[in-house]
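run.txt follows; it contains compact mmCIF, C-alpha atoms.
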# COMPACT_ATOMS: atom_id res chain seq x y z
CA MET A 1 24.69 -50.59 78.31
CA SER A 2 23.69 -47.61 76.18
CA SER A 3 20.87 -45.45 77.47
CA TYR A 4 19.29 -45.61 74.02
CA SER A 5 16.99 -48.58 73.55
CA LYS A 6 17.18 -50.02 70.07
CA THR A 7 13.45 -50.65 70.02
CA SER A 8 11.98 -47.57 71.73
CA ARG A 9 14.48 -44.70 71.84
CA LYS A 10 16.70 -43.58 68.99
CA LYS A 11 19.23 -40.80 68.82
CA VAL A 12 19.29 -38.84 65.59
CA LEU A 13 21.77 -36.08 64.76
CA LEU A 14 20.76 -33.11 62.62
CA MET A 15 23.96 -31.49 61.39
CA GLY A 16 25.25 -29.12 58.73
CA LYS A 17 27.03 -25.79 58.37
CA SER A 18 25.41 -22.63 59.72
CA GLY A 19 22.71 -21.31 57.41
CA SER A 20 22.06 -24.63 55.70
CA GLY A 21 18.44 -24.68 56.95
CA LYS A 22 18.51 -27.27 59.75
CA THR A 23 16.48 -25.34 62.29
CA SER A 24 13.90 -24.19 59.73
CA MET A 25 13.48 -27.77 58.59
CA ARG A 26 12.99 -28.99 62.15
CA ALA A 27 10.45 -26.24 62.87
CA ILE A 28 8.36 -27.12 59.81
CA VAL A 29 8.40 -30.88 60.30
CA PHE A 30 8.13 -31.15 64.08
CA LYS A 31 6.75 -27.81 65.30
CA SER A 32 4.07 -27.23 62.66
CA GLN A 33 5.43 -23.90 61.48
CA LEU A 34 4.84 -22.60 57.97
CA ALA A 35 7.83 -22.07 55.70
CA ALA A 36 7.33 -18.29 55.65
CA GLU A 37 7.44 -18.18 59.45
CA THR A 38 10.91 -19.73 59.68
CA ARG A 39 12.60 -16.51 58.54
CA ARG A 40 12.39 -15.29 62.13
CA LEU A 41 14.32 -18.24 63.55
CA GLY A 42 17.81 -17.65 64.87
CA ALA A 43 20.86 -19.85 64.52
CA THR A 44 21.22 -22.88 66.78
CA ILE A 45 23.62 -22.30 69.68
CA ASP A 46 25.73 -25.36 70.49
CA VAL A 47 23.19 -28.25 70.63
CA GLU A 48 19.40 -28.23 71.01
CA SER A 49 17.96 -31.59 71.98
CA SER A 50 14.28 -32.46 71.73
CA GLN A 51 12.32 -35.64 72.43
CA ILE A 52 9.57 -36.56 69.99
CA LYS A 53 7.08 -39.39 70.52
CA PHE A 54 5.89 -41.51 67.61
CA LEU A 55 3.61 -44.50 67.41
CA GLY A 56 4.83 -47.93 68.41
CA GLY A 57 6.51 -46.58 71.54
CA LEU A 58 9.27 -44.91 69.53
CA ARG A 59 10.87 -41.87 71.12
CA LEU A 60 13.11 -39.86 68.87
CA ASP A 61 15.95 -37.94 70.53
CA LEU A 62 16.71 -35.29 67.92
CA TRP A 63 19.95 -33.35 68.41
CA ASP A 64 20.09 -30.15 66.35
CA CYS A 65 23.80 -29.29 66.34
CA GLY A 66 24.94 -25.71 65.77
CA GLY A 67 26.78 -25.28 62.48
CA GLN A 68 29.04 -22.30 63.12
CA ASP A 69 32.71 -23.23 62.66
CA SER A 70 33.47 -22.87 66.38
CA PHE A 71 30.63 -25.22 67.32
CA MET A 72 31.46 -27.70 64.57
CA ASP A 73 35.05 -27.85 65.81
CA GLN A 74 33.83 -28.52 69.36
CA HIS A 75 31.46 -31.24 68.15
CA LEU A 76 34.38 -32.96 66.43
CA THR A 77 36.89 -32.62 69.28
CA SER A 78 35.98 -32.08 72.93
CA GLN A 79 32.31 -33.10 72.46
CA SER A 80 32.89 -35.92 70.00
CA SER A 81 32.03 -38.82 72.31
CA THR A 82 28.93 -37.03 73.64
CA ILE A 83 27.63 -36.06 70.21
CA PHE A 84 28.43 -39.10 68.08
CA ARG A 85 28.14 -42.05 70.49
CA SER A 86 25.05 -44.31 70.33
CA VAL A 87 23.71 -42.62 67.20
CA HIS A 88 21.03 -44.40 65.19
CA SER A 89 21.00 -42.00 62.22
CA LEU A 90 22.77 -38.87 61.02
CA ILE A 91 20.89 -36.35 58.89
CA TYR A 92 23.39 -33.97 57.33
CA ILE A 93 22.16 -30.82 55.58
CA PHE A 94 24.03 -29.06 52.76
CA ASP A 95 23.12 -25.66 51.31
CA ALA A 96 22.76 -26.28 47.56
CA GLU A 97 23.88 -22.74 46.74
CA SER A 98 26.81 -22.51 49.15
CA PRO A 99 30.02 -21.38 47.41
CA GLU A 100 31.89 -23.84 49.66
CA LEU A 101 29.62 -26.80 48.90
CA LEU A 102 32.38 -29.12 47.68
CA SER A 103 35.17 -27.60 49.74
CA SER A 104 34.69 -26.54 53.38
CA ASP A 105 31.13 -27.89 53.64
CA THR A 106 32.10 -31.34 52.38
CA HIS A 107 35.28 -31.30 54.49
CA TYR A 108 33.23 -30.93 57.69
CA PHE A 109 30.83 -33.64 56.54
CA LEU A 110 33.69 -36.09 56.03
CA LYS A 111 35.02 -35.26 59.49
CA CYS A 112 31.57 -35.99 60.92
CA LEU A 113 31.56 -39.36 59.17
CA GLY A 114 34.96 -40.08 60.70
CA ALA A 115 33.70 -39.22 64.20
CA LEU A 116 30.57 -41.31 63.64
CA ARG A 117 32.73 -44.24 62.57
CA ASP A 118 35.13 -43.87 65.50
CA GLN A 119 32.37 -43.64 68.12
CA ASN A 120 30.35 -46.49 66.55
CA PRO A 121 33.02 -48.90 65.25
CA ILE A 122 30.49 -51.46 64.04
CA SER A 123 29.44 -48.96 61.35
CA GLN A 124 32.53 -50.07 59.45
CA SER A 125 30.55 -53.13 58.37
CA PRO A 126 29.26 -52.69 54.81
CA HIS A 127 25.53 -51.98 54.76
CA PRO A 128 23.20 -53.58 52.26
CA PRO A 129 21.30 -51.03 50.14
CA LEU A 130 18.83 -49.04 52.19
CA PRO A 131 15.29 -49.41 50.84
CA THR A 132 13.88 -46.05 49.77
CA ALA A 133 10.74 -44.45 48.50
CA THR A 134 9.46 -45.94 45.30
CA GLU A 135 9.16 -44.02 42.06
CA GLY A 136 5.59 -43.41 43.11
CA GLY A 137 6.92 -41.18 45.86
CA SER A 138 5.30 -42.96 48.78
CA GLY A 139 8.04 -41.88 51.12
CA THR A 140 8.03 -45.29 52.79
CA VAL A 141 10.82 -47.74 53.48
CA THR A 142 10.45 -51.44 52.80
CA PRO A 143 11.36 -53.06 56.11
CA SER A 144 13.68 -55.94 56.79
CA GLY A 145 12.43 -59.45 57.40
CA ASP A 146 12.01 -58.97 61.13
CA GLY A 147 9.84 -55.93 60.64
CA THR A 148 12.41 -53.29 61.56
CA PRO A 149 13.14 -50.97 58.64
CA THR A 150 16.88 -50.58 58.98
CA ALA A 151 19.71 -50.60 56.50
CA SER A 152 21.61 -52.95 58.72
CA SER A 153 21.84 -53.94 62.33
CA GLY A 154 25.45 -52.81 61.99
CA GLY A 155 25.36 -49.13 62.81
CA PRO A 156 24.27 -45.58 62.00
CA THR A 157 22.52 -44.72 58.77
CA VAL A 158 23.42 -41.45 57.06
CA PHE A 159 20.92 -39.31 55.15
CA VAL A 160 22.34 -36.44 53.10
CA LEU A 161 19.94 -33.63 52.22
CA LEU A 162 20.98 -31.14 49.55
CA HIS A 163 18.74 -28.35 50.76
CA LYS A 164 17.38 -25.10 49.30
CA MET A 165 17.00 -26.73 45.89
CA ASP A 166 14.31 -24.17 45.07
CA LEU A 167 17.20 -21.75 44.43
CA VAL A 168 18.50 -24.01 41.65
CA PRO A 169 16.77 -23.72 38.24
CA GLU A 170 14.28 -26.58 37.95
CA ASN A 171 15.86 -28.00 34.80
CA LEU A 172 19.23 -28.23 36.58
CA GLN A 173 18.12 -29.73 39.89
CA ALA A 174 18.33 -33.43 39.00
CA GLY A 175 21.77 -33.01 37.43
CA LYS A 176 23.11 -31.02 40.38
CA LEU A 177 21.90 -33.63 42.87
CA ALA A 178 23.37 -36.50 40.82
CA GLU A 179 26.76 -34.80 40.46
CA PHE A 180 26.82 -33.89 44.14
CA GLU A 181 25.93 -37.45 45.17
CA GLN A 182 28.63 -38.93 42.96
CA GLU A 183 31.37 -36.57 44.19
CA VAL A 184 30.54 -36.76 47.90
CA SER A 185 30.11 -40.55 47.80
CA LYS A 186 33.53 -40.89 46.17
CA ARG A 187 35.20 -38.67 48.76
CA ALA A 188 33.48 -40.51 51.60
CA ALA A 189 34.65 -43.87 50.26
CA ASP A 190 38.18 -42.51 49.84
CA ALA A 191 38.06 -41.35 53.46
CA GLY A 192 37.19 -44.87 54.60
CA TRP A 193 33.43 -44.68 55.06
CA LYS A 194 31.89 -48.07 54.27
CA GLY A 195 28.26 -47.42 55.13
CA GLU A 196 25.62 -46.20 52.72
CA LEU A 197 24.82 -42.56 52.12
CA LYS A 198 21.24 -41.80 51.06
CA PHE A 199 20.79 -38.53 49.16
CA PHE A 200 17.73 -36.28 48.75
CA GLY A 201 17.19 -32.87 47.20
CA THR A 202 14.90 -30.81 49.45
CA SER A 203 13.25 -27.43 49.87
CA ILE A 204 10.97 -26.01 52.57
CA TRP A 205 8.77 -24.57 49.82
CA ASN A 206 7.53 -27.84 48.30
CA GLU A 207 6.78 -31.48 49.04
CA THR A 208 10.40 -32.68 48.71
CA LEU A 209 10.99 -31.94 52.40
CA TYR A 210 8.18 -34.30 53.40
CA LYS A 211 9.34 -37.00 51.03
CA ALA A 212 12.82 -37.06 52.55
CA TRP A 213 11.62 -36.95 56.16
CA SER A 214 8.97 -39.62 55.52
CA VAL A 215 11.77 -41.97 54.47
CA VAL A 216 13.80 -41.02 57.54
CA VAL A 217 10.91 -41.55 59.97
CA ALA A 218 9.81 -44.80 58.32
CA HIS A 219 13.40 -46.01 58.68
CA LEU A 220 13.14 -45.38 62.43
CA MET A 221 9.79 -47.10 62.87
CA PRO A 222 9.62 -50.44 64.68
CA SER A 223 7.57 -53.29 63.22
CA LEU A 224 6.69 -51.45 60.04
CA SER A 225 6.16 -54.63 58.03
CA SER A 226 3.50 -55.83 60.48
CA LEU A 227 1.70 -52.50 60.28
CA ARG A 228 1.79 -52.53 56.50
CA SER A 229 0.36 -56.06 56.49
CA HIS A 230 -2.64 -54.88 58.53
CA LEU A 231 -3.14 -51.94 56.16
CA SER A 232 -3.13 -54.34 53.20
CA HIS A 233 -5.84 -56.42 54.86
CA PHE A 234 -7.90 -53.29 55.53
CA LEU A 235 -7.56 -52.25 51.88
CA SER A 236 -8.69 -55.69 50.72
CA VAL A 237 -11.76 -56.07 52.93
CA THR A 238 -12.98 -52.50 52.27
CA SER A 239 -12.39 -52.65 48.48
CA ALA A 240 -10.35 -49.44 48.70
CA ALA A 241 -8.12 -48.23 45.90
CA GLU A 242 -5.43 -46.90 48.21
CA VAL A 243 -4.74 -46.52 51.94
CA VAL A 244 -2.13 -44.17 53.41
CA LEU A 245 -1.11 -43.91 57.05
CA PHE A 246 0.24 -40.61 58.42
CA GLU A 247 1.93 -39.81 61.72
CA ARG A 248 -0.50 -37.55 63.53
CA THR A 249 1.73 -34.63 64.60
CA THR A 250 4.15 -34.29 61.71
CA PHE A 251 1.77 -35.71 59.08
CA LEU A 252 4.68 -37.60 57.57
CA VAL A 253 3.81 -40.73 55.59
CA ILE A 254 4.46 -43.89 57.59
CA ALA A 255 3.16 -46.52 55.19
CA SER A 256 0.89 -46.95 52.19
CA VAL A 257 -0.72 -49.72 50.18
CA THR A 258 -2.28 -49.49 46.73
CA ALA A 259 -4.67 -51.91 45.03
CA PRO A 260 -2.89 -53.88 42.26
CA GLU A 261 -5.03 -52.44 39.47
CA TYR A 262 -3.87 -48.91 40.39
CA ASP A 263 -0.26 -49.71 41.24
CA VAL A 264 1.10 -49.60 37.70
CA GLU A 265 3.92 -47.64 36.08
CA ASP A 266 1.74 -45.81 33.56
CA SER A 267 -0.84 -44.75 36.14
CA GLU A 268 -2.14 -41.21 35.76
CA TRP A 269 -1.91 -40.73 39.52
CA ASP A 270 0.59 -38.12 40.70
CA LYS A 271 3.80 -39.87 41.69
CA ARG A 272 4.39 -37.29 44.42
CA ARG A 273 0.82 -37.37 45.76
CA PHE A 274 1.63 -38.55 49.29
CA GLU A 275 4.15 -35.81 50.02
CA ARG A 276 1.85 -33.21 48.49
CA ILE A 277 -1.03 -34.43 50.66
CA SER A 278 1.23 -34.12 53.73
CA THR A 279 2.10 -30.55 52.81
CA MET A 280 -1.45 -29.44 52.02
CA VAL A 281 -3.19 -31.11 54.96
CA LYS A 282 -0.67 -29.82 57.45
CA ALA A 283 -1.11 -26.27 56.11
CA PHE A 284 -4.91 -26.74 56.33
CA LYS A 285 -4.62 -27.97 59.93
CA LEU A 286 -2.54 -24.92 60.83
CA GLY A 287 -5.20 -22.70 59.29
CA CYS A 288 -7.86 -24.41 61.38
CA THR A 289 -5.78 -23.91 64.52
CA LYS A 290 -5.42 -20.19 63.87
CA ILE A 291 -9.19 -19.73 63.77
CA ARG A 292 -9.65 -22.12 66.70
CA ALA A 293 -11.51 -24.70 64.65
CA PRO A 294 -10.10 -28.12 65.57
CA PHE A 295 -9.34 -30.36 62.62
CA GLN A 296 -11.05 -33.75 62.86
CA SER A 297 -11.60 -35.23 59.39
CA LEU A 298 -11.81 -34.39 55.74
CA THR A 299 -13.90 -35.81 52.87
CA LEU A 300 -13.30 -35.08 49.19
CA SER A 301 -15.11 -36.43 46.14
CA SER A 302 -14.32 -36.33 42.43
CA ALA A 303 -15.96 -37.83 39.36
CA GLY A 304 -14.24 -41.16 39.90
CA HIS A 305 -13.17 -41.41 43.55
CA THR A 306 -13.97 -40.47 47.14
CA ALA A 307 -11.26 -39.81 49.73
CA VAL A 308 -11.74 -39.74 53.50
CA LEU A 309 -9.03 -38.58 55.89
CA ASP A 310 -9.73 -39.37 59.54
CA ALA A 311 -8.03 -40.24 62.82
CA LEU A 312 -7.23 -43.93 63.17
CA THR A 313 -5.37 -44.09 66.49
CA PRO A 314 -4.15 -41.45 68.95
CA GLU A 315 -0.88 -41.36 66.98
CA THR A 316 -2.05 -41.71 63.37
CA TYR A 317 -4.37 -40.50 60.62
CA ILE A 318 -5.55 -42.69 57.78
CA LEU A 319 -6.45 -41.67 54.23
CA VAL A 320 -8.76 -44.06 52.41
CA LEU A 321 -9.34 -43.61 48.69
CA SER A 322 -12.22 -45.59 47.16
CA LYS A 323 -14.27 -45.71 44.00
CA ARG A 324 -16.97 -43.07 43.73
CA SER A 325 -19.64 -45.76 44.08
CA ILE A 326 -18.65 -46.30 47.74
CA GLN A 327 -20.34 -43.70 49.90
CA PRO A 328 -18.28 -41.55 52.32
CA ALA A 329 -20.41 -42.78 55.23
CA ALA A 330 -19.39 -46.36 54.44
CA ILE A 331 -15.70 -45.40 54.40
CA GLU A 332 -16.08 -43.54 57.70
CA LEU A 333 -17.80 -46.56 59.24
CA ASN A 334 -14.99 -48.87 58.08
CA ILE A 335 -12.42 -46.58 59.71
CA LYS A 336 -14.45 -46.49 62.93
CA LEU A 337 -14.69 -50.30 63.03
CA ALA A 338 -10.95 -50.63 62.34
CA ARG A 339 -9.87 -48.36 65.20
CA PRO A 340 -9.92 -50.99 68.00
CA HIS A 341 -7.88 -53.39 65.88
CA PHE A 342 -5.21 -50.82 64.98
CA ALA A 343 -5.12 -49.64 68.60
CA LYS A 344 -4.14 -53.21 69.54
CA VAL A 345 -1.50 -53.27 66.80
CA GLU A 346 -0.08 -50.01 68.16
CA ALA A 347 -0.16 -51.35 71.72
CA LEU A 348 1.80 -54.41 70.64
CA GLY A 349 4.39 -52.06 69.17
CA ASN A 350 4.57 -50.24 72.49
CA ALA A 351 5.16 -53.50 74.32
CA LYS A 352 8.17 -54.47 72.19
Let's see the structure in the file written out as structure tokens.
Amino acid sequence: MSSYSKTSRKKVLLMGKSGSGKTSMRAIVFKSQLAAETRRLGATIDVESSQIKFLGGLRLDLWDCGGQDSFMDQHLTSQSSTIFRSVHSLIYIFDAESPELLSSDTHYFLKCLGALRDQNPISQSPHPPLPTATEGGSGTVTPSGDGTPTASSGGPTVFVLLHKMDLVPENLQAGKLAEFEQEVSKRAADAGWKGELKFFGTSIWNETLYKAWSVVVAHLMPSLSSLRSHLSHFLSVTSAAEVVLFERTTFLVIASVTAPEYDVEDSEWDKRRFERISTMVKAFKLGCTKIRAPFQSLTLSSAGHTAVLDALTPETYILVLSKRSIQPAAIELNIKLARPHFAKVEALGNAK
């Protein structure tokens, strides 16, 4: 039996050629470093493994694999069974401005897919489309019927991040990502890969990094549909306009629900609001830490709405957006009253 429990412990590979930005990305998302601080980070030597605890009893075993050619060759030969066996997801990082993007870089990626396939033969089964973030940019994954947000029970899921997109002129970014996705998907299919590849364009300097990682983390979460159902009930009974749940350490979006009257295509609300909130609040929390002022909650009011961000459980924060007529104290009280219930929901996730 594999040492990785399907319900509580999941092995995730973080791979890509040297200099693609893997370690910087990991430091920002999981170690609360600012983008400017990652310039001091050195290259990963061989493999760095870290264990990260999320809500619902999930423990993420994240393997950051060195991308120098010598290490990549070892990963694909002598270390292949150790690296690629029992993998839940592969996150592969490409440098958008690499001169070898569609040559050497893609060649190594295809070899990684081959090793992933060989060490997890069931991944040959075709995957149904992996649910992704909506156009509204919630960064959440719609879970399967049993509550587990996976592409398939068949094998590893592969996320492809075209990174450092800030170096590409803004008007060319969408086209570059689309062309890259089309070419790499074709080569992967020609090489015999039958699973789905999910592509994102990312940068450490904006919210795109949080959008991509929110989808990844939501994909790993157990019982996400049950959690979302409880959030929907909370939104209904409190007459909120929107409720967003964040993982406490990374501040990645786990799930969100929006009242029907606001969840429309022509809404004036920022489609990337969740990822931008993640980025801004995490930077604010870091600022509080530097002056030794612990972050507890945040209340903001505008002409039309009031937003309260507060701890919900030991593993989560909740953002509640309501009409301006609802006082912040009422929102804070609703969150306080909801804490025991969501603690039970989280405990049930731990017991699974």
Pick from A:Thr38, A:Asn120, A:Gln182, A:Thr289, whichever lies nearest to Thr23 of chain A using all atoms listed in the file: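 Nearest to Thr23 of chain A: A:Thr38.
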Excluding Val308 of chain A and any residue of its chain fewer than 3 positions from it, enumerate the residues within 8 Å of it, using all atoms listed in the file, and give them as a count of residues only. 10
In terms of the shortest atom-to-atom distance over all atoms listed in the file, which of A:Gln119, A:Ser256, A:Gln51, A:Ser98 is closest to Ser81 of chain A?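 Closest candidate: A:Gln119.
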Hey, what's within 12 Å of Lys323 of chain A if we count only C-alpha atoms and toss same-chain stuff fewer than 2 positions away? As a VMD selection string, please? chain A and resid 238 to 242 259 262 300 to 308 320 to 321 325 to 328 330 to 331
Go ahead and dump the residues you just picked, C-alpha atoms, as a PDB file, in the coordinates of the input.
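So part07.pdb came out as:
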ATOM      1  CA  THR A 238     -12.980 -52.500  52.270  1.00  0.00           C
ATOM      2  CA  SER A 239     -12.390 -52.650  48.480  1.00  0.00           C
ATOM      3  CA  ALA A 240     -10.350 -49.440  48.700  1.00  0.00           C
ATOM      4  CA  ALA A 241      -8.120 -48.230  45.900  1.00  0.00           C
ATOM      5  CA  GLU A 242      -5.430 -46.900  48.210  1.00  0.00           C
ATOM      6  CA  ALA A 259      -4.670 -51.910  45.030  1.00  0.00           C
ATOM      7  CA  TYR A 262      -3.870 -48.910  40.390  1.00  0.00           C
ATOM      8  CA  LEU A 300     -13.300 -35.080  49.190  1.00  0.00           C
ATOM      9  CA  SER A 301     -15.110 -36.430  46.140  1.00  0.00           C
ATOM     10  CA  SER A 302     -14.320 -36.330  42.430  1.00  0.00           C
ATOM     11  CA  ALA A 303     -15.960 -37.830  39.360  1.00  0.00           C
ATOM     12  CA  GLY A 304     -14.240 -41.160  39.900  1.00  0.00           C
ATOM     13  CA  HIS A 305     -13.170 -41.410  43.550  1.00  0.00           C
ATOM     14  CA  THR A 306     -13.970 -40.470  47.140  1.00  0.00           C
ATOM     15  CA  ALA A 307     -11.260 -39.810  49.730  1.00  0.00           C
ATOM     16  CA  VAL A 308     -11.740 -39.740  53.500  1.00  0.00           C
ATOM     17  CA  VAL A 320      -8.760 -44.060  52.410  1.00  0.00           C
ATOM     18  CA  LEU A 321      -9.340 -43.610  48.690  1.00  0.00           C
ATOM     19  CA  SER A 325     -19.640 -45.760  44.080  1.00  0.00           C
ATOM     20  CA  ILE A 326     -18.650 -46.300  47.740  1.00  0.00           C
ATOM     21  CA  GLN A 327     -20.340 -43.700  49.900  1.00  0.00           C
ATOM     22  CA  PRO A 328     -18.280 -41.550  52.320  1.00  0.00           C
ATOM     23  CA  ALA A 330     -19.390 -46.360  54.440  1.00  0.00           C
ATOM     24  CA  ILE A 331     -15.700 -45.400  54.400  1.00  0.00           C
TER      25      ILE A 331
END
I'd like the contact shell of Ser278 of chain A - 7 Å cut-off, only C-alpha atoms, skipping same-chain residues fewer than 2 positions apart - returned as a list in words.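 Result of the neighbour search: Tyr210, Phe251, Leu252, Phe274, Glu275, Arg276, Met280, Val281 and Lys282 of chain A.
Shortest atom-to-atom contact with Asp95 of chain A among A:Met165, A:Met72, A:Leu34, A:Val29: A:Met165, counting all atoms listed in the file.
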Judged by all atoms listed in the file, the minimum distance to Leu76 of chain A among A:Ile91, A:Leu113, A:Leu286, A:Leu162 is found for A:Leu113
Could you check the closest approach to Pro340 of chain A for each of A:Lys211, A:Ile318, A:Leu101, A:Thr313 and tell me which residue wins, using only C-alpha atoms? A:Thr313
Among the residues A:Leu161, A:Ile28, A:Ala212, A:Leu220, the one that comes closest to Arg9 of chain A [using only C-alpha atoms]: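 Checking each of A:Leu161, A:Ile28, A:Ala212, A:Leu220 against Arg9 of chain A, counting only C-alpha atoms, the winner is A:Leu220.
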Between atom CA of Lys10 of chain A and atom CA of Glu196 of chain A - distance in Å to one decimal: 18.7 Å
Find the distance between atom CA of His233 of chain A and atom CA of Leu312 of chain A and write it in Å to one decimal.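 Result for atom CA of His233 of chain A versus atom CA of Leu312 of chain A: 15.1 Å, one decimal.
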Report as an mmCIF file with C-alpha atoms, keeping the file's coordinate frame all protein, DNA and RNA residues lying within 9 Å of Ser18 of chain A, evaluated on all atoms listed in the file, omitting residues in the same chain fewer than 5 positions from it.
data_model
loop_
_atom_site.group_PDB
_atom_site.id
_atom_site.type_symbol
_atom_site.label_atom_id
_atom_site.label_comp_id
_atom_site.auth_asym_id
_atom_site.auth_seq_id
_atom_site.Cartn_x
_atom_site.Cartn_y
_atom_site.Cartn_z
ATOM 1 C CA ALA A 43 20.860 -19.850 64.520
ATOM 2 C CA THR A 44 21.220 -22.880 66.780
ATOM 3 C CA GLY A 66 24.940 -25.710 65.770
ATOM 4 C CA GLY A 67 26.780 -25.280 62.480
ATOM 5 C CA GLN A 68 29.040 -22.300 63.120
ATOM 6 C CA ASP A 69 32.710 -23.230 62.660
#
Point-to-point distance in Å for atom CA of Val12 of chain A and atom CA of Phe342 of chain A: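 Rounded to one decimal, the two atoms are 27.3 Å apart.
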As number ranges by chain, please: the residues near Thr208 of chain A (cut-off 10 Å, only C-alpha atoms, same-chain neighbours under 6 positions excluded). A: 137, 139, 163, 165, 200-202, 214, 272, 275-276, 279
Would you save segment 22-28 of chain A to a file, keeping all heavy atoms, as a PDB file, in the first residue's frame?
ATOM      1  N   LYS A  22      10.574  28.340  -9.701  1.00  0.00           N
ATOM      2  CA  LYS A  22       9.876  27.411  -8.802  1.00  0.00           C
ATOM      3  C   LYS A  22      10.040  27.785  -7.333  1.00  0.00           C
ATOM      4  O   LYS A  22       9.075  27.868  -6.578  1.00  0.00           O
ATOM      5  CB  LYS A  22      10.401  25.977  -9.012  1.00  0.00           C
ATOM      6  CG  LYS A  22      10.305  25.441 -10.412  1.00  0.00           C
ATOM      7  CD  LYS A  22      10.800  24.016 -10.496  1.00  0.00           C
ATOM      8  CE  LYS A  22      12.245  23.852 -10.047  1.00  0.00           C
ATOM      9  NZ  LYS A  22      13.194  24.620 -10.888  1.00  0.00           N
ATOM     10  N   THR A  23      11.290  27.984  -6.923  1.00  0.00           N
ATOM     11  CA  THR A  23      11.567  28.235  -5.515  1.00  0.00           C
ATOM     12  C   THR A  23      11.002  29.582  -5.063  1.00  0.00           C
ATOM     13  O   THR A  23      10.474  29.713  -3.948  1.00  0.00           O
ATOM     14  CB  THR A  23      13.077  28.170  -5.251  1.00  0.00           C
ATOM     15  OG1 THR A  23      13.563  26.887  -5.688  1.00  0.00           O
ATOM     16  CG2 THR A  23      13.383  28.349  -3.776  1.00  0.00           C
ATOM     17  N   SER A  24      11.078  30.592  -5.913  1.00  0.00           N
ATOM     18  CA  SER A  24      10.490  31.893  -5.587  1.00  0.00           C
ATOM     19  C   SER A  24       8.983  31.772  -5.400  1.00  0.00           C
ATOM     20  O   SER A  24       8.399  32.330  -4.460  1.00  0.00           O
ATOM     21  CB  SER A  24      10.795  32.904  -6.698  1.00  0.00           C
ATOM     22  OG  SER A  24      12.179  33.130  -6.818  1.00  0.00           O
ATOM     23  N   MET A  25       8.364  31.018  -6.278  1.00  0.00           N
ATOM     24  CA  MET A  25       6.924  30.800  -6.210  1.00  0.00           C
ATOM     25  C   MET A  25       6.550  30.112  -4.899  1.00  0.00           C
ATOM     26  O   MET A  25       5.614  30.519  -4.194  1.00  0.00           O
ATOM     27  CB  MET A  25       6.505  29.946  -7.413  1.00  0.00           C
ATOM     28  CG  MET A  25       5.037  29.788  -7.612  1.00  0.00           C
ATOM     29  SD  MET A  25       4.681  28.790  -9.098  1.00  0.00           S
ATOM     30  CE  MET A  25       5.242  29.866 -10.402  1.00  0.00           C
ATOM     31  N   ARG A  26       7.294  29.089  -4.542  1.00  0.00           N
ATOM     32  CA  ARG A  26       7.027  28.356  -3.303  1.00  0.00           C
ATOM     33  C   ARG A  26       7.212  29.252  -2.085  1.00  0.00           C
ATOM     34  O   ARG A  26       6.437  29.196  -1.121  1.00  0.00           O
ATOM     35  CB  ARG A  26       7.950  27.136  -3.215  1.00  0.00           C
ATOM     36  CG  ARG A  26       7.791  26.316  -1.951  1.00  0.00           C
ATOM     37  CD  ARG A  26       8.474  24.964  -2.095  1.00  0.00           C
ATOM     38  NE  ARG A  26       9.899  25.075  -2.247  1.00  0.00           N
ATOM     39  CZ  ARG A  26      10.797  24.917  -1.278  1.00  0.00           C
ATOM     40  NH1 ARG A  26      10.377  24.679  -0.039  1.00  0.00           N
ATOM     41  NH2 ARG A  26      12.075  24.996  -1.519  1.00  0.00           N
ATOM     42  N   ALA A  27       8.239  30.098  -2.113  1.00  0.00           N
ATOM     43  CA  ALA A  27       8.508  30.988  -0.978  1.00  0.00           C
ATOM     44  C   ALA A  27       7.387  32.004  -0.789  1.00  0.00           C
ATOM     45  O   ALA A  27       7.009  32.317   0.344  1.00  0.00           O
ATOM     46  CB  ALA A  27       9.838  31.704  -1.187  1.00  0.00           C
ATOM     47  N   ILE A  28       6.844  32.520  -1.882  1.00  0.00           N
ATOM     48  CA  ILE A  28       5.769  33.510  -1.793  1.00  0.00           C
ATOM     49  C   ILE A  28       4.477  32.876  -1.301  1.00  0.00           C
ATOM     50  O   ILE A  28       3.805  33.393  -0.403  1.00  0.00           O
ATOM     51  CB  ILE A  28       5.542  34.179  -3.165  1.00  0.00           C
ATOM     52  CG1 ILE A  28       6.747  35.052  -3.522  1.00  0.00           C
ATOM     53  CG2 ILE A  28       4.266  35.011  -3.169  1.00  0.00           C
ATOM     54  CD1 ILE A  28       6.724  35.557  -4.940  1.00  0.00           C
TER      55      ILE A  28
END
